[in-house]
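Peer 1: Below is structure23.cif; it holds mmCIF, C-alpha atoms.
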```
data_data
#
loop_
_atom_site.group_PDB
_atom_site.id
_atom_site.type_symbol
_atom_site.label_atom_id
_atom_site.label_comp_id
_atom_site.auth_asym_id
_atom_site.auth_seq_id
_atom_site.Cartn_x
_atom_site.Cartn_y
_atom_site.Cartn_z
ATOM 1 C CA MET A 1 45.125 -3.871 -15.247
ATOM 2 C CA GLN A 2 44.151 -6.453 -12.639
ATOM 3 C CA TYR A 3 46.283 -4.750 -9.948
ATOM 4 C CA LEU A 4 44.147 -1.562 -10.380
ATOM 5 C CA LEU A 5 40.859 -3.439 -10.054
ATOM 6 C CA LYS A 6 41.196 -4.195 -6.323
ATOM 7 C CA PRO A 7 41.943 -0.587 -5.209
ATOM 8 C CA MET A 8 39.145 0.789 -7.400
ATOM 9 C CA LEU A 9 36.683 -1.767 -6.039
ATOM 10 C CA LEU A 10 37.770 -0.919 -2.492
ATOM 11 C CA ALA A 11 37.303 2.823 -3.177
ATOM 12 C CA VAL A 12 33.812 2.269 -4.612
ATOM 13 C CA LEU A 13 32.811 0.111 -1.642
ATOM 14 C CA THR A 14 34.175 2.714 0.791
ATOM 15 C CA VAL A 15 32.196 5.544 -0.829
ATOM 16 C CA PHE A 16 29.060 3.381 -0.942
ATOM 17 C CA GLY A 17 29.486 2.402 2.722
ATOM 18 C CA ALA A 18 29.983 6.024 3.773
ATOM 19 C CA ALA A 19 26.853 7.051 1.863
ATOM 20 C CA LEU A 20 24.827 4.386 3.655
ATOM 21 C CA THR A 21 25.929 5.627 7.088
ATOM 22 C CA ILE A 22 25.340 9.311 6.300
ATOM 23 C CA VAL A 23 21.763 8.874 5.024
ATOM 24 C CA PRO A 24 20.305 7.378 8.260
ATOM 25 C CA ALA A 25 22.105 9.935 10.404
ATOM 26 C CA HIS A 26 20.773 12.776 8.275
ATOM 27 C CA ALA A 27 17.237 11.379 8.436
ATOM 28 C CA GLN A 28 17.311 11.471 12.239
ATOM 29 C CA SER A 29 18.608 15.004 12.504
ATOM 30 C CA GLY A 30 16.874 18.290 11.972
ATOM 31 C CA SER A 31 14.456 18.493 14.902
ATOM 32 C CA ARG A 32 14.721 22.079 16.090
ATOM 33 C CA ALA A 33 12.777 24.326 18.452
ATOM 34 C CA LEU A 34 12.991 27.755 20.038
ATOM 35 C CA ALA A 35 12.780 28.136 23.812
ATOM 36 C CA ASN A 36 12.653 31.209 26.027
ATOM 37 C CA ILE A 37 14.128 29.986 29.306
ATOM 38 C CA PRO A 38 13.492 32.554 32.060
ATOM 39 C CA PHE A 39 16.085 31.193 34.512
ATOM 40 C CA GLU A 40 19.714 30.123 34.659
ATOM 41 C CA PHE A 41 20.122 26.375 34.062
ATOM 42 C CA SER A 42 22.780 23.699 33.712
ATOM 43 C CA VAL A 43 23.442 21.293 30.881
ATOM 44 C CA GLY A 44 25.937 18.746 32.085
ATOM 45 C CA ASN A 45 28.524 20.640 34.116
ATOM 46 C CA THR A 46 27.988 23.933 32.236
ATOM 47 C CA THR A 47 25.667 26.664 33.506
ATOM 48 C CA LEU A 48 23.840 28.694 30.854
ATOM 49 C CA LYS A 49 22.227 32.101 31.326
ATOM 50 C CA ALA A 50 18.498 32.764 31.076
ATOM 51 C CA GLY A 51 17.386 33.719 27.569
ATOM 52 C CA SER A 52 16.182 32.522 24.196
ATOM 53 C CA TYR A 53 17.759 29.333 22.884
ATOM 54 C CA THR A 54 17.572 27.208 19.782
ATOM 55 C CA VAL A 55 17.444 23.548 20.782
ATOM 56 C CA GLU A 56 18.368 21.130 18.012
ATOM 57 C CA GLN A 57 18.853 17.391 17.766
ATOM 58 C CA LEU A 58 21.906 17.084 15.513
ATOM 59 C CA HIS A 59 21.982 13.291 15.443
ATOM 60 C CA SER A 60 20.456 10.600 17.561
ATOM 61 C CA GLY A 61 22.045 11.135 20.954
ATOM 62 C CA ILE A 62 23.524 14.598 20.303
ATOM 63 C CA LEU A 63 21.721 17.783 21.312
ATOM 64 C CA ALA A 64 22.858 21.371 20.639
ATOM 65 C CA LEU A 65 21.722 24.519 22.453
ATOM 66 C CA SER A 66 22.585 27.982 21.111
ATOM 67 C CA SER A 67 21.529 31.301 22.580
ATOM 68 C CA SER A 68 19.865 33.808 20.264
ATOM 69 C CA ASP A 69 22.746 36.250 20.836
ATOM 70 C CA ASN A 70 25.238 33.477 19.875
ATOM 71 C CA LYS A 71 27.189 33.925 23.125
ATOM 72 C CA GLU A 72 26.169 30.563 24.599
ATOM 73 C CA HIS A 73 26.695 27.225 22.833
ATOM 74 C CA GLN A 74 26.448 23.823 24.446
ATOM 75 C CA PHE A 75 26.402 20.266 23.150
ATOM 76 C CA ALA A 76 25.020 17.397 25.192
ATOM 77 C CA MET A 77 24.938 13.648 24.860
ATOM 78 C CA THR A 78 21.450 12.209 25.381
ATOM 79 C CA PHE A 79 19.842 8.812 25.636
ATOM 80 C CA PRO A 80 16.316 7.684 24.709
ATOM 81 C CA GLY A 81 13.892 8.209 27.567
ATOM 82 C CA ASP A 82 10.258 7.901 28.487
ATOM 83 C CA SER A 83 8.044 10.808 27.546
ATOM 84 C CA ASP A 84 5.840 12.118 30.356
ATOM 85 C CA ARG A 85 2.857 11.646 28.004
ATOM 86 C CA GLN A 86 1.144 14.625 29.668
ATOM 87 C CA SER A 87 1.823 16.992 26.806
ATOM 88 C CA HIS A 88 2.050 16.202 23.124
ATOM 89 C CA GLU A 89 3.617 19.614 22.521
ATOM 90 C CA PRO A 90 7.388 20.037 22.209
ATOM 91 C CA HIS A 91 8.781 20.903 25.640
ATOM 92 C CA LEU A 92 11.801 20.936 27.916
ATOM 93 C CA VAL A 93 11.802 19.387 31.362
ATOM 94 C CA PHE A 94 14.026 20.811 34.085
ATOM 95 C CA ILE A 95 14.751 19.491 37.566
ATOM 96 C CA ARG A 96 15.313 22.129 40.251
ATOM 97 C CA TYR A 97 17.286 21.463 43.425
ATOM 98 C CA GLY A 98 17.083 24.575 45.604
ATOM 99 C CA SER A 99 18.071 27.444 43.322
ATOM 100 C CA GLU A 100 19.814 25.305 40.676
ATOM 101 C CA ALA A 101 17.969 23.996 37.593
ATOM 102 C CA PHE A 102 19.187 21.189 35.329
ATOM 103 C CA LEU A 103 17.905 20.340 31.855
ATOM 104 C CA LYS A 104 16.619 16.778 32.200
ATOM 105 C CA LYS A 105 14.447 15.914 29.160
ATOM 106 C CA VAL A 106 13.867 17.306 25.683
ATOM 107 C CA VAL A 107 10.782 16.514 23.598
ATOM 108 C CA LEU A 108 11.105 18.141 20.174
ATOM 109 C CA SER A 109 8.280 16.423 18.310
ATOM 110 C CA SER A 110 4.680 15.564 19.012
ATOM 111 C CA ASP A 111 5.349 11.825 19.029
ATOM 112 C CA GLU A 112 6.320 10.090 22.251
ATOM 113 C CA ASP A 113 10.093 10.248 21.673
ATOM 114 C CA CYS A 114 12.070 11.925 24.400
ATOM 115 C CA ASP A 115 15.775 12.580 24.889
ATOM 116 C CA GLU A 116 17.097 12.462 28.445
ATOM 117 C CA LEU A 117 20.314 13.990 29.668
ATOM 118 C CA PRO A 118 22.490 12.102 32.129
ATOM 119 C CA GLU A 119 23.007 13.497 35.622
ATOM 120 C CA SER A 120 26.068 15.687 36.021
ATOM 121 C CA SER A 121 28.431 15.342 38.965
ATOM 122 C CA ARG A 122 26.988 18.556 40.452
ATOM 123 C CA GLU A 123 23.451 17.207 40.158
ATOM 124 C CA ARG A 124 24.461 13.929 41.836
ATOM 125 C CA ASP A 125 25.956 15.920 44.741
ATOM 126 C CA LEU A 126 22.725 17.878 45.136
ATOM 127 C CA ILE A 127 20.656 14.678 45.042
ATOM 128 C CA LYS A 128 22.758 13.217 47.874
ATOM 129 C CA ASN A 129 22.148 16.285 50.032
ATOM 130 C CA GLN A 130 18.469 16.769 49.207
ATOM 131 C CA ALA A 131 15.546 14.350 49.235
ATOM 132 C CA SER A 132 14.112 15.252 45.822
ATOM 133 C CA GLY A 133 13.966 17.858 43.132
ATOM 134 C CA ALA A 134 10.997 19.748 41.738
ATOM 135 C CA GLU A 135 10.186 19.056 38.084
ATOM 136 C CA LEU A 136 9.366 21.994 35.801
ATOM 137 C CA SER A 137 8.119 21.609 32.236
ATOM 138 C CA LEU A 138 8.513 24.457 29.720
ATOM 139 C CA LEU A 139 6.684 24.493 26.347
ATOM 140 C CA ILE A 140 8.805 25.371 23.321
ATOM 141 C CA GLN A 141 7.967 26.506 19.805
ATOM 142 C CA PRO A 142 9.073 24.624 16.657
ATOM 143 C CA ALA A 143 11.649 26.602 14.702
ATOM 144 C CA LEU A 144 11.133 27.408 11.033
#
```
Will you turn the file into structure tokens for me?
Peer 2:
Amino acid sequence: MQYLLKPMLLAVLTVFGAALTIVPAHAQSGSRALANIPFEFSVGNTTLKAGSYTVEQLHSGILALSSSDNKEHQFAMTFPGDSDRQSHEPHLVFIRYGSEAFLKKVVLSSDEDCDELPESSRERDLIKNQASGAELSLLIQPAL
């Protein structure tokens, strides 16, 4: 009987520990918005076509973009950033270098939290060859 007690206690502790890690992750997820992006843009090293996208924060640090026609899907790692504080509306911020646009920031809620995307290798190359990029902010609508 005593030799069964340790494995059962370990199993209960494992399930309890897993439940504790899932609850905070679930509480942070669920921010979602719809965006009509009228130009081609890059997320990381992937270029996405112009169109309507659902932008969703899956977990802290993980962003998902899906086109309305379900042909484009992209995941991106993000890090906490500084909101521009100019708009309290959900919005996307792009940086344009010449004819190429890169998704730079995502603000999905009206609070001051902002997710920034790291620079891709292509973006770093463009920065080296050009003095600066033009910032473009695009308002987005919360999804139901």
Peer 1: The PyMOL selection byres ((chain A and resi 69-71) around 10) on the file shown: which residues, as a list in words?
Peer 2: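 Checking the PyMOL selection byres ((chain A and resi 69-71) around 10) against this file, the residues are Leu48, Lys49, Gly51, Ser52, Tyr53, Thr54, Leu65, Ser66, Ser67, Ser68, Glu72 and His73 of chain A.
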Peer 1: Which residues, protein or nucleic acid, reach to within 8 Å of (30.7, 22.0, 36.0) in the file's coordinates when using only C-alpha atoms, and can you give that as a list in words?
Peer 2: Gly44, Asn45, Thr46, Thr47, Ser120, Ser121 and Arg122 of chain A
Peer 1: Compile the contact shell of A:Val43 as number ranges by chain: residues with an atom at most 10 Å away, counting all atoms listed in the file, same-chain residues fewer than 6 positions apart removed.
Peer 2: A: 65, 74-77, 94, 101-104, 117-120
Peer 1: May I ask which of the residues A:Thr78, A:Asp125, A:Phe41, A:Val106 is the closest one to A:Leu139, counting all atoms listed in the file?
Peer 2: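 When distances to A:Leu139 are compared using all atoms listed in the file, the smallest one comes from A:Val106.
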Peer 1: Calculate how many Å separate atom CA of A:Ala134 from atom CA of A:Ser31, rounding to one decimal.
Peer 2: 27.1 Å
Peer 1: Quote the spacing between atom CA of A:Ala35 and atom CA of A:Ile140 in Å to one decimal place.
Peer 2: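 Separation between atom CA of A:Ala35 and atom CA of A:Ile140: 4.9 Å.
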Peer 1: With distances taken over all atoms listed in the file, which of A:Phe39, A:Phe79, A:Arg32, A:Leu63 is nearest to A:Asp115?
Peer 2: A:Phe79
